[in-house]
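K.L.:
Dropping the structure in here first, questions after.
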Amino acid sequence: MSKVTKKKEDAAPQKTQKIHYKGTDYELTFPNTGQLMDLAVMKAQLSDGNYNIISNMPALADNLAQFSIDTVTHLTVLCPELLRNLNVKTYSEMELMDMKELIKLYIKDILPWMNSWYNVLNDIDAE
(Lines give C-alpha, C1' and ligand atoms only; values in the text may rest on other atoms or scores of the structure.)
Protein backbone atom coordinates (compact mmCIF):
# COMPACT_ATOMS: atom_id res chain seq x y z
CA MET A 1 0.00 0.00 0.00
CA SER A 2 1.43 3.36 -1.00
CA LYS A 3 1.76 6.29 1.37
CA VAL A 4 -0.81 8.23 -0.66
CA THR A 5 -3.35 5.41 -0.38
CA LYS A 6 -2.65 4.97 3.33
CA LYS A 7 -3.05 8.70 3.92
CA LYS A 8 -6.41 8.73 2.09
CA GLU A 9 -7.70 5.80 4.13
CA ASP A 10 -6.65 7.47 7.37
CA ALA A 11 -8.41 10.67 6.30
CA ALA A 12 -11.75 8.92 5.74
CA PRO A 13 -14.49 10.07 8.11
CA GLN A 14 -16.41 7.68 10.31
CA LYS A 15 -18.69 5.33 8.39
CA THR A 16 -21.52 5.94 10.88
CA GLN A 17 -22.94 9.03 12.53
CA LYS A 18 -24.98 9.05 15.72
CA ILE A 19 -27.83 11.50 16.17
CA HIS A 20 -30.19 12.13 19.07
CA TYR A 21 -33.79 13.25 18.60
CA LYS A 22 -36.42 13.60 21.32
CA GLY A 23 -34.89 11.11 23.72
CA THR A 24 -33.93 8.48 21.14
CA ASP A 25 -30.52 7.73 19.65
CA TYR A 26 -30.20 6.77 15.98
CA GLU A 27 -27.22 5.66 13.94
CA LEU A 28 -26.85 6.59 10.29
CA THR A 29 -24.51 4.77 7.94
CA PHE A 30 -22.93 6.63 5.04
CA PRO A 31 -24.92 5.73 1.93
CA ASN A 32 -23.89 3.10 -0.54
CA THR A 33 -24.03 3.84 -4.27
CA GLY A 34 -27.74 3.06 -4.61
CA GLN A 35 -28.67 5.14 -1.58
CA LEU A 36 -26.60 8.04 -2.89
CA MET A 37 -28.60 7.91 -6.11
CA ASP A 38 -31.82 7.65 -4.07
CA LEU A 39 -30.87 10.88 -2.26
CA ALA A 40 -30.47 12.72 -5.57
CA VAL A 41 -33.68 11.31 -7.04
CA MET A 42 -35.70 12.08 -3.92
CA LYS A 43 -34.47 15.69 -3.87
CA ALA A 44 -35.62 16.06 -7.46
CA GLN A 45 -38.98 14.44 -6.69
CA LEU A 46 -39.69 16.50 -3.57
CA SER A 47 -38.82 19.71 -5.39
CA ASP A 48 -40.70 18.72 -8.56
CA GLY A 49 -37.39 19.03 -10.41
CA ASN A 50 -36.77 22.55 -9.11
CA TYR A 51 -34.19 21.88 -6.39
CA ASN A 52 -31.52 24.09 -7.98
CA ILE A 53 -33.98 26.93 -8.41
CA ILE A 54 -35.18 26.63 -4.81
CA SER A 55 -31.63 26.46 -3.45
CA ASN A 56 -30.65 29.67 -5.26
CA MET A 57 -33.64 31.75 -4.15
CA PRO A 58 -32.87 34.33 -1.47
CA ALA A 59 -36.20 34.29 0.42
CA LEU A 60 -36.20 32.79 3.91
CA ALA A 61 -39.18 30.60 3.06
CA ASP A 62 -37.26 29.14 0.13
CA ASN A 63 -34.28 28.49 2.39
CA LEU A 64 -36.60 26.64 4.77
CA ALA A 65 -38.00 24.65 1.85
CA GLN A 66 -34.52 23.66 0.67
CA PHE A 67 -33.43 22.54 4.14
CA SER A 68 -36.71 20.69 4.58
CA ILE A 69 -36.07 18.81 1.33
CA ASP A 70 -32.49 18.02 2.35
CA THR A 71 -33.51 16.91 5.83
CA VAL A 72 -36.42 14.75 4.68
CA THR A 73 -34.33 13.18 1.94
CA HIS A 74 -31.45 12.23 4.22
CA LEU A 75 -33.62 10.97 7.06
CA THR A 76 -35.87 8.97 4.73
CA VAL A 77 -32.94 7.20 3.10
CA LEU A 78 -30.50 6.96 6.00
CA CYS A 79 -32.76 6.79 9.06
CA PRO A 80 -36.25 5.50 8.15
CA GLU A 81 -36.86 4.41 11.76
CA LEU A 82 -37.02 8.07 12.79
CA LEU A 83 -40.08 8.59 10.59
CA ARG A 84 -41.73 5.51 12.10
CA ASN A 85 -41.16 6.93 15.59
CA LEU A 86 -42.75 10.27 14.68
CA ASN A 87 -46.20 8.73 14.25
CA VAL A 88 -46.85 10.49 10.94
CA LYS A 89 -47.32 8.86 7.55
CA THR A 90 -44.96 11.27 5.81
CA TYR A 91 -42.70 14.13 6.81
CA SER A 92 -45.00 16.51 4.93
CA GLU A 93 -47.59 16.03 7.71
CA MET A 94 -45.24 17.43 10.34
CA GLU A 95 -45.80 20.81 11.92
CA LEU A 96 -43.17 23.35 10.83
CA MET A 97 -41.83 23.81 14.36
CA ASP A 98 -41.17 20.06 14.55
CA MET A 99 -39.51 20.18 11.12
CA LYS A 100 -37.39 23.07 12.40
CA GLU A 101 -35.97 20.76 15.08
CA LEU A 102 -35.12 18.11 12.47
CA ILE A 103 -33.51 20.75 10.24
CA LYS A 104 -31.32 21.88 13.16
CA LEU A 105 -30.31 18.26 13.70
CA TYR A 106 -29.53 17.89 9.99
CA ILE A 107 -27.43 21.08 9.85
CA LYS A 108 -25.54 20.37 13.09
CA ASP A 109 -24.92 16.62 12.88
CA ILE A 110 -25.70 15.16 9.46
CA LEU A 111 -24.61 17.78 6.92
CA PRO A 112 -21.03 18.23 8.22
CA TRP A 113 -20.57 14.45 8.35
CA MET A 114 -21.90 13.99 4.81
CA ASN A 115 -19.77 16.87 3.52
CA SER A 116 -16.63 15.37 5.08
CA TRP A 117 -17.29 12.21 3.06
CA TYR A 118 -18.04 14.17 -0.13
CA ASN A 119 -14.74 16.04 0.28
CA VAL A 120 -12.85 12.73 0.45
CA LEU A 121 -14.79 11.09 -2.38
CA ASN A 122 -14.54 14.10 -4.71
CA ASP A 123 -10.76 14.29 -4.31
CA ILE A 124 -10.15 12.11 -7.37
CA ASP A 125 -7.03 13.97 -8.55
CA ALA A 126 -5.08 13.22 -5.36
CA GLU A 127 -4.68 9.60 -6.33
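By order of appearance in the C-alpha coordinates: chains A, B, ..., then residues from 1 within every chain, and ligands from 1 in the order shown.
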If you run DSSP on this backbone, which residues of stretch 2-126 of chain A come out as strand (DSSP E), and could you give them as a list in words?
P.N.:
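So, restricting stretch 2-126 of chain A to strand (DSSP E), we get Thr16, Gln17, Lys18, Ile19, His20, Tyr21, Thr24, Asp25, Tyr26, Glu27, Leu28 and Thr29 of chain A.
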K.L.:
Find the spatial neighbours of stretch 11-18 of chain A, counting only C-alpha atoms, within a cut-off of 10 Å - ignore same-chain residues fewer than 5 positions away - and output them as a list in words.
P.N.:
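Near stretch 11-18 of chain A, the qualifying residues are Thr5, Lys6, Asp25, Tyr26, Glu27, Leu28, Thr29, Phe30, Pro31, Asp109, Ile110, Trp113, Met114, Asn115, Ser116, Trp117, Tyr118, Asn119, Val120 and Leu121 of chain A.
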K.L.:
Which residue is closest to A:Asp70? Choose from A:Lys22, A:Lys43, A:Lys108, A:Lys89 and count only C-alpha atoms.
P.N.:
A:Lys43
K.L.:
Please return as a ChimeraX atom specification: the residues of chain A that backbone DSSP assigns to alpha helix (DSSP H).
P.N.:
/A:3-11,33-46,51-55,60-78,80-86,96-105,111-121
K.L.:
What does the structure give for the distance between atom CA of A:His20 and atom CA of A:Ser55, in Å to one decimal?
P.N.:
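Taking atom CA of A:His20 as the start and atom CA of A:Ser55 as the end point, the length is 26.7 Å.
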K.L.:
Report, in Å with one decimal, the straight-line distance from atom CA of A:Ile19 to atom CA of A:Gly34.
P.N.:
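It comes out at 22.4 Å.
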K.L.:
Tell me, in Å to one decimal, how far atom CA of A:Leu36 is from atom CA of A:Leu102.
P.N.:
20.2 Å
K.L.:
Out of A:Leu46, A:Leu75, A:Ala65, A:Ala40, which residue has the shortest atom-to-atom distance to A:Leu111 when counting only C-alpha atoms?
P.N.:
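Of all the options, A:Leu75 lies closest to A:Leu111.
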K.L.:
Here is a test: counting only C-alpha atoms, which residue of A:Met42, A:Leu60, A:Val72, A:Asn32 is nearest to A:Glu93?
P.N.:
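Among the listed residues, A:Val72 lies closest to A:Glu93.
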